[in-house]
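Colleague: Structure supplied as work06.txt; contents: compact mmCIF, C-alpha atoms.
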# COMPACT_ATOMS: atom_id res chain seq x y z
CA MET A 1 14.21 32.69 -31.49
CA THR A 2 11.59 30.28 -32.68
CA THR A 3 7.92 30.98 -32.38
CA ASP A 4 5.33 28.30 -31.72
CA ASP A 5 4.63 28.30 -35.45
CA ALA A 6 8.20 27.32 -36.15
CA VAL A 7 7.95 24.21 -33.94
CA PRO A 8 6.82 21.22 -35.98
CA LYS A 9 3.25 20.25 -35.23
CA GLN A 10 4.28 16.77 -34.10
CA ASP A 11 6.65 18.16 -31.46
CA ARG A 12 4.02 20.55 -30.16
CA SER A 13 1.61 17.66 -29.91
CA ARG A 14 4.16 15.61 -27.97
CA ALA A 15 4.85 18.53 -25.62
CA THR A 16 1.13 18.99 -25.00
CA ARG A 17 0.73 15.30 -24.21
CA GLN A 18 3.70 15.42 -21.86
CA ARG A 19 2.28 18.45 -20.00
CA LEU A 20 -1.12 16.80 -19.80
CA LEU A 21 0.24 13.57 -18.31
CA GLU A 22 2.44 15.41 -15.81
CA THR A 23 -0.59 17.45 -14.75
CA ALA A 24 -2.73 14.31 -14.46
CA VAL A 25 -0.15 12.72 -12.14
CA ARG A 26 0.05 15.84 -9.98
CA CYS A 27 -3.76 16.17 -9.85
CA LEU A 28 -4.24 12.52 -8.84
CA ALA A 29 -1.55 12.74 -6.15
CA THR A 30 -2.76 16.05 -4.72
CA HIS A 31 -6.53 16.10 -5.26
CA GLY A 32 -7.38 12.41 -5.58
CA TRP A 33 -9.42 10.42 -8.04
CA GLU A 34 -12.84 12.03 -7.68
CA ILE A 35 -11.65 15.58 -8.38
CA SER A 36 -9.28 14.56 -11.19
CA THR A 37 -11.80 14.57 -14.03
CA VAL A 38 -10.78 15.29 -17.63
CA GLY A 39 -12.14 18.85 -17.24
CA PHE A 40 -10.18 19.51 -14.04
CA ILE A 41 -6.92 18.12 -15.42
CA ALA A 42 -7.37 20.08 -18.67
CA ALA A 43 -7.95 23.32 -16.76
CA GLU A 44 -4.94 22.70 -14.51
CA ALA A 45 -2.77 22.02 -17.57
CA GLY A 46 -4.11 25.09 -19.38
CA ILE A 47 -5.26 22.96 -22.30
CA SER A 48 -8.73 23.06 -23.78
CA ARG A 49 -11.01 20.13 -23.10
CA GLY A 50 -11.29 19.57 -26.82
CA ALA A 51 -7.51 19.36 -27.22
CA VAL A 52 -7.37 16.82 -24.38
CA GLN A 53 -10.03 14.71 -26.04
CA HIS A 54 -8.08 14.86 -29.28
CA HIS A 55 -5.25 13.01 -27.46
CA TYR A 56 -7.33 10.85 -25.10
CA ARG A 57 -10.91 10.10 -26.04
CA THR A 58 -12.06 8.97 -22.60
CA ARG A 59 -11.15 9.58 -18.96
CA GLU A 60 -9.97 5.97 -18.74
CA ALA A 61 -7.61 6.47 -21.70
CA LEU A 62 -6.14 9.58 -20.05
CA ILE A 63 -5.76 7.85 -16.66
CA LEU A 64 -4.08 4.78 -18.20
CA ALA A 65 -1.69 6.99 -20.15
CA ALA A 66 -0.94 8.84 -16.89
CA LEU A 67 -0.25 5.50 -15.17
CA GLU A 68 2.19 4.54 -17.95
CA HIS A 69 3.78 7.94 -17.57
CA MET A 70 4.23 7.28 -13.81
CA PHE A 71 5.93 3.98 -14.61
CA GLU A 72 8.27 5.62 -17.10
CA GLU A 73 9.13 8.37 -14.62
CA ARG A 74 9.82 5.75 -11.97
CA THR A 75 12.08 3.63 -14.16
CA THR A 76 13.86 6.84 -15.24
CA LEU A 77 14.41 7.64 -11.54
CA LEU A 78 15.77 4.13 -10.98
CA ASP A 79 18.05 4.37 -14.01
CA ALA A 80 19.35 7.70 -12.73
CA LEU A 81 20.29 6.32 -9.30
CA PRO A 82 24.03 6.76 -8.88
CA ASP A 83 25.88 3.47 -8.66
CA PRO A 84 27.04 3.62 -5.02
CA ALA A 85 30.76 3.33 -4.46
CA GLY A 86 32.27 0.71 -2.19
CA SER A 87 30.89 -2.67 -1.27
CA GLY A 88 29.32 -4.58 1.58
CA PRO A 89 26.56 -3.37 3.92
CA GLU A 90 27.01 0.36 3.19
CA ARG A 91 26.60 -0.17 -0.55
CA VAL A 92 23.51 -2.34 0.01
CA HIS A 93 22.10 0.34 2.33
CA ALA A 94 22.64 3.04 -0.30
CA VAL A 95 20.93 0.94 -2.99
CA VAL A 96 17.94 0.07 -0.76
CA THR A 97 17.58 3.74 0.23
CA GLY A 98 17.57 4.71 -3.45
CA LEU A 99 15.02 2.02 -4.34
CA VAL A 100 12.72 3.01 -1.48
CA GLU A 101 12.85 6.70 -2.41
CA ALA A 102 12.22 5.97 -6.10
CA MET A 103 9.21 3.79 -5.25
CA GLY A 104 7.52 6.39 -3.04
CA GLY A 105 6.57 10.04 -3.21
CA GLU A 106 4.20 11.74 -5.64
CA LEU A 107 4.38 8.99 -8.27
CA PHE A 108 3.29 6.43 -5.67
CA ARG A 109 0.49 8.64 -4.37
CA ALA A 110 -0.84 9.14 -7.90
CA ALA A 111 -0.65 5.42 -8.72
CA LEU A 112 -2.36 4.61 -5.39
CA GLN A 113 -5.42 6.57 -6.52
CA VAL A 114 -5.63 4.48 -9.70
CA TRP A 115 -4.97 1.13 -7.96
CA THR A 116 -7.60 1.81 -5.30
CA VAL A 117 -10.30 2.60 -7.82
CA ALA A 118 -9.20 -0.35 -9.99
CA ALA A 119 -9.50 -2.61 -6.91
CA ALA A 120 -13.28 -2.13 -7.02
CA ASP A 121 -13.70 -1.67 -10.80
CA PRO A 122 -13.16 -4.87 -12.84
CA GLU A 123 -12.94 -3.01 -16.17
CA LEU A 124 -10.24 -0.58 -15.04
CA ARG A 125 -8.48 -3.43 -13.23
CA ALA A 126 -8.28 -5.49 -16.43
CA ALA A 127 -6.54 -2.57 -18.15
CA VAL A 128 -4.20 -1.83 -15.23
CA VAL A 129 -2.96 -5.35 -14.45
CA PRO A 130 -0.83 -5.91 -17.61
CA LEU A 131 0.80 -2.48 -17.15
CA GLU A 132 1.59 -3.36 -13.51
CA ARG A 133 3.06 -6.75 -14.49
CA HIS A 134 5.33 -5.15 -17.05
CA PHE A 135 6.38 -2.45 -14.60
CA ALA A 136 7.07 -4.94 -11.77
CA ARG A 137 9.44 -6.86 -14.05
CA GLU A 138 11.26 -3.68 -15.07
CA VAL A 139 11.73 -2.59 -11.46
CA HIS A 140 12.88 -6.05 -10.39
CA ARG A 141 15.46 -6.11 -13.18
CA ARG A 142 16.84 -2.75 -12.05
CA ALA A 143 16.98 -3.81 -8.40
CA VAL A 144 18.95 -6.94 -9.37
CA ARG A 145 21.38 -4.87 -11.40
CA LEU A 146 21.86 -2.23 -8.68
CA LEU A 147 22.42 -4.87 -6.00
CA ARG A 148 24.71 -6.85 -8.34
CA VAL A 149 23.13 -10.16 -7.42
CA ASP A 150 22.27 -13.31 -9.30
CA ASP A 151 18.53 -13.76 -8.94
CA SER A 152 18.49 -17.20 -10.53
CA ASP A 153 18.96 -18.31 -6.90
CA PRO A 154 15.37 -18.56 -5.52
CA ALA A 155 16.36 -17.33 -2.03
CA THR A 156 18.04 -14.23 -3.51
CA ARG A 157 15.08 -13.66 -5.80
CA GLY A 158 12.73 -13.83 -2.79
CA LEU A 159 14.81 -11.26 -0.91
CA ILE A 160 14.82 -8.82 -3.85
CA GLN A 161 11.04 -9.16 -4.14
CA ALA A 162 10.68 -8.73 -0.37
CA THR A 163 12.74 -5.54 -0.59
CA LEU A 164 10.43 -4.14 -3.27
CA ASP A 165 7.34 -5.20 -1.28
CA LEU A 166 8.84 -3.45 1.75
CA ALA A 167 9.37 -0.33 -0.40
CA ARG A 168 5.69 -0.42 -1.38
CA GLY A 169 4.62 -0.83 2.26
CA LEU A 170 6.83 2.08 3.32
CA ALA A 171 5.42 4.23 0.52
CA LEU A 172 1.90 3.48 1.76
CA ALA A 173 2.88 4.33 5.35
CA ASP A 174 4.03 7.75 4.10
CA VAL A 175 0.73 8.70 2.48
CA LEU A 176 -1.07 10.14 5.52
CA THR A 177 1.87 11.55 7.50
CA ASP A 178 5.53 12.29 6.93
CA ASP A 179 7.07 8.94 7.85
CA SER A 180 10.64 9.75 6.76
CA ARG A 181 12.35 9.40 10.16
CA ARG A 182 10.81 6.05 10.97
CA ARG A 183 11.41 4.91 7.39
CA ALA A 184 15.15 5.65 7.67
CA ARG A 185 15.38 3.34 10.70
CA VAL A 186 13.40 0.58 9.01
CA VAL A 187 15.55 0.79 5.86
CA ARG A 188 18.67 0.57 8.03
CA ALA A 189 17.39 -2.53 9.86
CA TRP A 190 16.33 -4.16 6.60
CA SER A 191 19.44 -3.39 4.57
CA THR A 192 21.68 -4.73 7.36
CA GLN A 193 19.89 -8.09 7.10
CA LEU A 194 19.79 -8.02 3.32
CA ALA A 195 23.54 -7.34 3.14
CA ALA A 196 24.26 -10.22 5.52
CA ALA A 197 22.04 -12.57 3.50
CA LEU A 198 23.50 -11.55 0.13
CA SER A 199 27.09 -11.84 1.30
CA ALA A 200 26.36 -15.29 2.81
CA SER A 201 24.88 -16.50 -0.50
CA GLU A 202 27.77 -15.13 -2.56
CA GLU A 203 29.99 -17.70 -4.21
CA PRO A 204 33.44 -16.83 -5.50
CA VAL A 205 33.37 -16.50 -9.31
CA GLY A 206 34.33 -19.77 -11.01
CA SER A 207 33.75 -21.92 -7.93
CA MET B 1 -37.49 -18.65 21.67
CA THR B 2 -37.19 -14.92 22.09
CA THR B 3 -38.78 -12.50 19.71
CA ASP B 4 -37.21 -9.21 18.72
CA ASP B 5 -39.46 -7.51 21.27
CA ALA B 6 -37.94 -9.56 24.05
CA VAL B 7 -34.42 -8.34 23.22
CA PRO B 8 -33.54 -5.23 25.23
CA LYS B 9 -33.50 -2.09 23.10
CA GLN B 10 -29.84 -1.43 23.85
CA ASP B 11 -28.79 -4.87 22.58
CA ARG B 12 -30.81 -4.43 19.40
CA SER B 13 -29.17 -1.08 18.87
CA ARG B 14 -25.74 -2.64 19.32
CA ALA B 15 -26.58 -5.46 16.91
CA THR B 16 -27.79 -2.94 14.32
CA ARG B 17 -24.59 -0.95 14.65
CA GLN B 18 -22.51 -4.10 14.32
CA ARG B 19 -24.36 -5.15 11.16
CA LEU B 20 -24.02 -1.66 9.73
CA LEU B 21 -20.26 -1.52 10.28
CA GLU B 22 -19.70 -5.01 8.88
CA THR B 23 -21.72 -4.02 5.82
CA ALA B 24 -19.75 -0.77 5.45
CA VAL B 25 -16.47 -2.72 5.48
CA ARG B 26 -17.75 -5.19 2.90
CA CYS B 27 -19.13 -2.39 0.69
CA LEU B 28 -15.86 -0.42 0.78
CA ALA B 29 -13.77 -3.52 0.01
CA THR B 30 -16.03 -4.74 -2.80
CA HIS B 31 -17.52 -1.63 -4.38
CA GLY B 32 -15.05 1.09 -3.40
CA TRP B 33 -15.42 4.54 -1.92
CA GLU B 34 -17.57 6.27 -4.50
CA ILE B 35 -20.37 3.69 -4.45
CA SER B 36 -20.29 3.23 -0.66
CA THR B 37 -22.59 6.10 0.25
CA VAL B 38 -24.74 6.07 3.40
CA GLY B 39 -27.75 5.16 1.27
CA PHE B 40 -25.99 2.26 -0.45
CA ILE B 41 -24.61 0.84 2.80
CA ALA B 42 -27.99 1.20 4.52
CA ALA B 43 -29.73 -0.65 1.67
CA GLU B 44 -27.10 -3.43 1.67
CA ALA B 45 -27.50 -3.81 5.45
CA GLY B 46 -31.30 -3.79 5.19
CA ILE B 47 -31.51 -0.84 7.57
CA SER B 48 -33.45 2.33 6.88
CA ARG B 49 -31.48 5.46 6.06
CA GLY B 50 -33.10 7.16 9.05
CA ALA B 51 -31.95 4.41 11.40
CA VAL B 52 -28.40 4.71 10.04
CA GLN B 53 -28.44 8.45 10.62
CA HIS B 54 -29.66 7.86 14.15
CA HIS B 55 -26.36 6.02 14.80
CA TYR B 56 -24.06 8.05 12.53
CA ARG B 57 -25.10 11.56 11.60
CA THR B 58 -22.75 11.96 8.64
CA ARG B 59 -21.04 9.78 6.06
CA GLU B 60 -17.70 10.68 7.64
CA ALA B 61 -18.91 9.50 11.07
CA LEU B 62 -20.03 6.18 9.56
CA ILE B 63 -16.77 5.71 7.63
CA LEU B 64 -14.63 6.48 10.69
CA ALA B 65 -16.65 4.05 12.80
CA ALA B 66 -16.16 1.46 10.05
CA LEU B 67 -12.40 2.12 10.12
CA GLU B 68 -12.32 1.57 13.89
CA HIS B 69 -14.31 -1.58 13.34
CA MET B 70 -11.69 -2.78 10.81
CA PHE B 71 -8.97 -2.16 13.40
CA GLU B 72 -10.85 -4.07 16.07
CA GLU B 73 -11.43 -6.97 13.70
CA ARG B 74 -7.75 -6.98 12.80
CA THR B 75 -6.52 -6.97 16.40
CA THR B 76 -9.07 -9.72 17.15
CA LEU B 77 -7.58 -11.74 14.28
CA LEU B 78 -4.08 -11.16 15.65
CA ASP B 79 -5.14 -12.14 19.18
CA ALA B 80 -6.71 -15.30 17.81
CA LEU B 81 -3.53 -16.41 16.01
CA PRO B 82 -2.49 -19.73 17.49
CA ASP B 83 0.81 -19.54 19.34
CA PRO B 84 2.96 -21.69 17.03
CA ALA B 85 4.64 -24.62 18.65
CA GLY B 86 8.38 -25.17 18.50
CA SER B 87 11.10 -22.61 18.13
CA GLY B 88 13.64 -21.29 15.65
CA PRO B 89 13.05 -20.47 11.99
CA GLU B 90 9.87 -22.55 11.59
CA ARG B 91 8.19 -20.76 14.48
CA VAL B 92 9.23 -17.35 13.12
CA HIS B 93 7.91 -18.38 9.70
CA ALA B 94 4.55 -19.38 11.19
CA VAL B 95 4.27 -16.08 13.07
CA VAL B 96 5.19 -13.96 10.02
CA THR B 97 2.71 -15.91 7.88
CA GLY B 98 -0.01 -15.24 10.48
CA LEU B 99 0.85 -11.54 10.68
CA VAL B 100 0.85 -11.14 6.90
CA GLU B 101 -2.51 -12.89 6.54
CA ALA B 102 -4.09 -10.84 9.36
CA MET B 103 -2.85 -7.58 7.79
CA GLY B 104 -4.27 -8.32 4.33
CA GLY B 105 -7.54 -9.44 2.82
CA GLU B 106 -10.91 -7.69 2.95
CA LEU B 107 -10.06 -5.54 5.98
CA PHE B 108 -7.02 -4.16 4.17
CA ARG B 109 -8.96 -3.54 0.97
CA ALA B 110 -11.63 -1.63 2.89
CA ALA B 111 -9.06 0.43 4.82
CA LEU B 112 -7.22 1.16 1.57
CA GLN B 113 -10.31 2.91 0.22
CA VAL B 114 -10.40 5.18 3.29
CA TRP B 115 -6.65 5.87 3.31
CA THR B 116 -6.60 6.73 -0.39
CA VAL B 117 -9.40 9.25 -0.07
CA ALA B 118 -7.86 10.61 3.15
CA ALA B 119 -4.56 11.06 1.30
CA ALA B 120 -6.16 13.83 -0.78
CA ASP B 121 -8.65 15.12 1.84
CA PRO B 122 -7.04 17.02 4.75
CA GLU B 123 -10.18 16.91 6.91
CA LEU B 124 -10.65 13.16 6.67
CA ARG B 125 -6.90 12.69 7.06
CA ALA B 126 -6.89 14.63 10.35
CA ALA B 127 -9.56 12.26 11.69
CA VAL B 128 -7.88 9.10 10.39
CA VAL B 129 -4.29 9.72 11.55
CA PRO B 130 -4.85 9.33 15.34
CA LEU B 131 -6.79 6.10 14.73
CA GLU B 132 -3.93 4.79 12.57
CA ARG B 133 -1.31 5.70 15.18
CA HIS B 134 -3.21 3.88 17.90
CA PHE B 135 -3.72 0.87 15.66
CA ALA B 136 -0.06 0.74 14.57
CA ARG B 137 1.00 0.58 18.25
CA GLU B 138 -1.48 -2.21 18.99
CA VAL B 139 -0.30 -4.28 16.03
CA HIS B 140 3.36 -3.72 16.89
CA ARG B 141 2.75 -4.85 20.48
CA ARG B 142 1.13 -8.06 19.26
CA ALA B 143 3.94 -8.77 16.78
CA VAL B 144 6.51 -8.37 19.59
CA ARG B 145 4.56 -10.74 21.80
CA LEU B 146 4.06 -13.35 19.07
CA LEU B 147 7.73 -13.26 18.08
CA ARG B 148 8.78 -13.31 21.77
CA VAL B 149 11.37 -10.60 21.28
CA ASP B 150 12.59 -7.67 23.33
CA ASP B 151 11.97 -4.59 21.23
CA SER B 152 13.82 -2.23 23.56
CA ASP B 153 16.75 -3.17 21.31
CA PRO B 154 16.55 -0.66 18.40
CA ALA B 155 17.77 -3.19 15.81
CA THR B 156 15.07 -5.68 16.85
CA ARG B 157 12.46 -2.90 16.87
CA GLY B 158 13.48 -1.95 13.33
CA LEU B 159 13.12 -5.56 12.18
CA ILE B 160 9.61 -5.87 13.66
CA GLN B 161 8.56 -2.64 11.98
CA ALA B 162 10.11 -3.79 8.69
CA THR B 163 8.11 -7.02 8.94
CA LEU B 164 4.87 -5.06 9.38
CA ASP B 165 5.78 -2.69 6.52
CA LEU B 166 6.46 -5.73 4.36
CA ALA B 167 3.03 -7.11 5.34
CA ARG B 168 1.44 -3.83 4.21
CA GLY B 169 3.32 -3.93 0.91
CA LEU B 170 2.26 -7.53 0.32
CA ALA B 171 -1.35 -6.65 1.11
CA LEU B 172 -1.21 -3.87 -1.48
CA ALA B 173 0.31 -6.23 -4.07
CA ASP B 174 -2.70 -8.54 -3.57
CA VAL B 175 -5.34 -5.91 -4.32
CA LEU B 176 -5.45 -6.20 -8.12
CA THR B 177 -4.61 -9.88 -8.58
CA ASP B 178 -4.33 -13.00 -6.43
CA ASP B 179 -0.71 -12.74 -5.30
CA SER B 180 -0.80 -15.64 -2.81
CA ARG B 181 1.79 -17.88 -4.49
CA ARG B 182 4.39 -15.17 -4.89
CA ARG B 183 3.59 -13.92 -1.38
CA ALA B 184 4.34 -17.34 0.14
CA ARG B 185 7.82 -17.28 -1.41
CA VAL B 186 8.49 -13.73 -0.24
CA VAL B 187 7.35 -14.53 3.30
CA ARG B 188 9.63 -17.59 3.32
CA ALA B 189 12.63 -15.54 2.14
CA TRP B 190 12.10 -12.81 4.72
CA SER B 191 11.21 -15.01 7.69
CA THR B 192 14.41 -17.01 7.15
CA GLN B 193 16.42 -13.77 7.47
CA LEU B 194 14.35 -12.52 10.37
CA ALA B 195 14.83 -15.76 12.28
CA ALA B 196 18.58 -15.60 11.72
CA ALA B 197 18.70 -11.96 12.88
CA LEU B 198 16.57 -12.58 15.96
CA SER B 199 18.51 -15.64 17.05
CA ALA B 200 21.80 -13.74 16.60
CA SER B 201 20.56 -10.90 18.82
CA GLU B 202 19.28 -13.26 21.50
CA GLU B 203 21.15 -13.21 24.79
CA PRO B 204 20.91 -16.03 27.31
CA VAL B 205 18.61 -15.04 30.20
CA GLY B 206 20.57 -13.60 33.13
CA SER B 207 23.69 -12.86 31.09
As a first step, turn the structure in this file into C-alpha cells.
Modeller:
Amino acid sequence: MTTDDAVPKQDRSRATRQRLLETAVRCLATHGWEISTVGFIAAEAGISRGAVQHHYRTREALILAALEHMFEERTTLLDALPDPAGSGPERVHAVVTGLVEAMGGELFRAALQVWTVAAADPELRAAVVPLERHFAREVHRRAVRLLRVDDSDPATRGLIQATLDLARGLALADVLTDDSRRRARVVRAWSTQLAAALSASEEPVGS
Amino acid sequence: MTTDDAVPKQDRSRATRQRLLETAVRCLATHGWEISTVGFIAAEAGISRGAVQHHYRTREALILAALEHMFEERTTLLDALPDPAGSGPERVHAVVTGLVEAMGGELFRAALQVWTVAAADPELRAAVVPLERHFAREVHRRAVRLLRVDDSDPATRGLIQATLDLARGLALADVLTDDSRRRARVVRAWSTQLAAALSASEEPVGS
C-alpha cells in the first residue's frame, strides 16, 4: 500500500488538477455560471481555495482550463466510439448516433454556460474562440474518419459540417427537457439522407 | 399633431410595454443575463423602475414576457418571409435560408441567455418549457407551409425537424464569431439533400 506521501508530488498535483476540472465541469452543467465561483468549485471538489489558486490564479483561468478539459473529454469520447460493423445506411446511422451522443450531455451543458457568458463578454470570448476553432477541427477530423469519407469534395465537407451543426442543435434542444425520443427520430431521418448522399458521391477507387 | 396627453392611456401603456420588451431583448443579447437586471433594462429603456414594476412585478415576469416577445418577433419574421418563386432545389434552398436566418441573430442570442440560465434553474425552467413547446409547434407549422410538404409522413416530419435543429445549431455556431460564410455552405449542402428527399417522397396528387 502506498500512502499519499509515497506518491510523487507532481502526480498528486496532476490528480488534484484533474479532480478540480472535473468538478468545475459538473458544477457548470448542474448549477450554472453564476453559482460556479472558484470558492464553490473548490468546496465541491474538497480542495482548499488556496490550493485552487495555486493551480489557477483567476476564475477565468480555471474556467478556460475546464473548457479545455471538456474538449479533451469529448475527443476522448469520439476516439472511443466503436467502429460500427457493416456498411451502408445502418453504418452511417450508427456513426451519426455516436457523434450526436458524444456532442451532447453534461459536457455540452457545461460548455453552453461558458459560451453564453462569452457571447456577451468580449474578453472571455477572445480567449474562448481559439480553443473552439481548434476543437471544431479535431471533431471534424474524427467525423470524417468515422464516416470514411473524402472531405476534399466540398459537397461532402458541407454535409459533415451540417451533421455536426445538427448535433449541436440537438444538444441545445435537450437542455431544458429530455429530448431523447424526438432526437432518435431526427437522427434516423438525417442519417438516411446522409447515407444516400454519401453513397451517391462515392467513386470506385482508382476511377 | 397629437401630444402624449392626447394618446389614450391604454395605448401609452402598450407602447411602454413594447419598448420595455424590445429593450430587454437587446440588453440580453448584447450584455448577457447578469447585467440585464430590471434596473439596467429600465434605464436603457428610459423608463422609471417603478413604471417597469407596474407592468412586471418581478425580474422573472419581465424576462418571461421578453421571451414571449422574442417568439412573437420570430414568428412575425417567419410569416413575413417572401414565398420564393419557382420550384425544386432552388426554392427549397431559398426557404431553408429564410428559416435559418429567422432562427438566428439577436433574437436567438437573447433567448440563449434565458435558456442557459433556465438549464440550471428548475423554477425558471418550469416557466420556460411550455412557452418553448408552443413556439416549437408554431415554427414547425410555418416550415411545413413554406416547404409545401405533407408532414403526416413520418420521414418528411423528421426532415423538417432536422432542418430546424440544424438552424438552431447554426445559430449557436454564430454566437462567438461571424459564421455567415461557413453557414452559407452548410445550408447549401443540406438544402440540396432536403430537396432531393422531398421530391423523392412526393406523390402525384390523386394517386
Colleague: Tell me which of B:Ala111, B:Ala15, B:Val149, B:Val7 sits closest to Glu132 in chain B, counting all atoms listed in the file.
Modeller: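 The answer is B:Ala111, which sits nearest to Glu132 in chain B.
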Colleague: Show me, as a ChimeraX atom specification, the residues that have an atom within 9 Å of Met70 in chain A when counting only C-alpha atoms, minus same-chain residues fewer than 6 positions from it.
Modeller: /A:21-22,25,107-108,110-111
Colleague: Quick one: of B:Ala184, B:Ala120, B:Leu67, B:Ala189, who's nearest to Leu28 in chain A, counting all atoms listed in the file?
Modeller: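 Ranking B:Ala184, B:Ala120, B:Leu67, B:Ala189 by distance to Leu28 in chain A, first place goes to B:Ala120.
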Colleague: Go ahead and compute the interatomic distance for CA of Lys9 in chain B and CA of Leu77 in chain B, in Å to one decimal.
Modeller: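 Separation between CA of Lys9 in chain B and CA of Leu77 in chain B: 29.0 Å.
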Colleague: Applying 12 Å and only C-alpha atoms, which residues near Thr58 in chain B remain after dropping the ones on its own chain fewer than 6 positions away? List them as a list in words.
Modeller: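 Selected residues are Thr37, Val38, Gly39, Arg49, Gly50, Val52, Leu64 and Ala65 of chain B.
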Colleague: Return as an MDAnalysis selection string the residues belonging to chain A that are within 6 Å of chain B, counting all atoms listed in the file.
Modeller: chainID A and resid 30:32 119:120 155 158:159 162 165:166 168:170 175:176 186 189
Colleague: What is the distance, in Å and to one decimal place, between CA of Leu62 in chain A and CA of Ala24 in chain A?
Modeller: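 These atoms are spaced 8.1 Å apart.
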Colleague: For CA of Ala45 in chain A and CA of Ala127 in chain A, quote the distance in Å rounded to one decimal.
Modeller: 24.9 Å
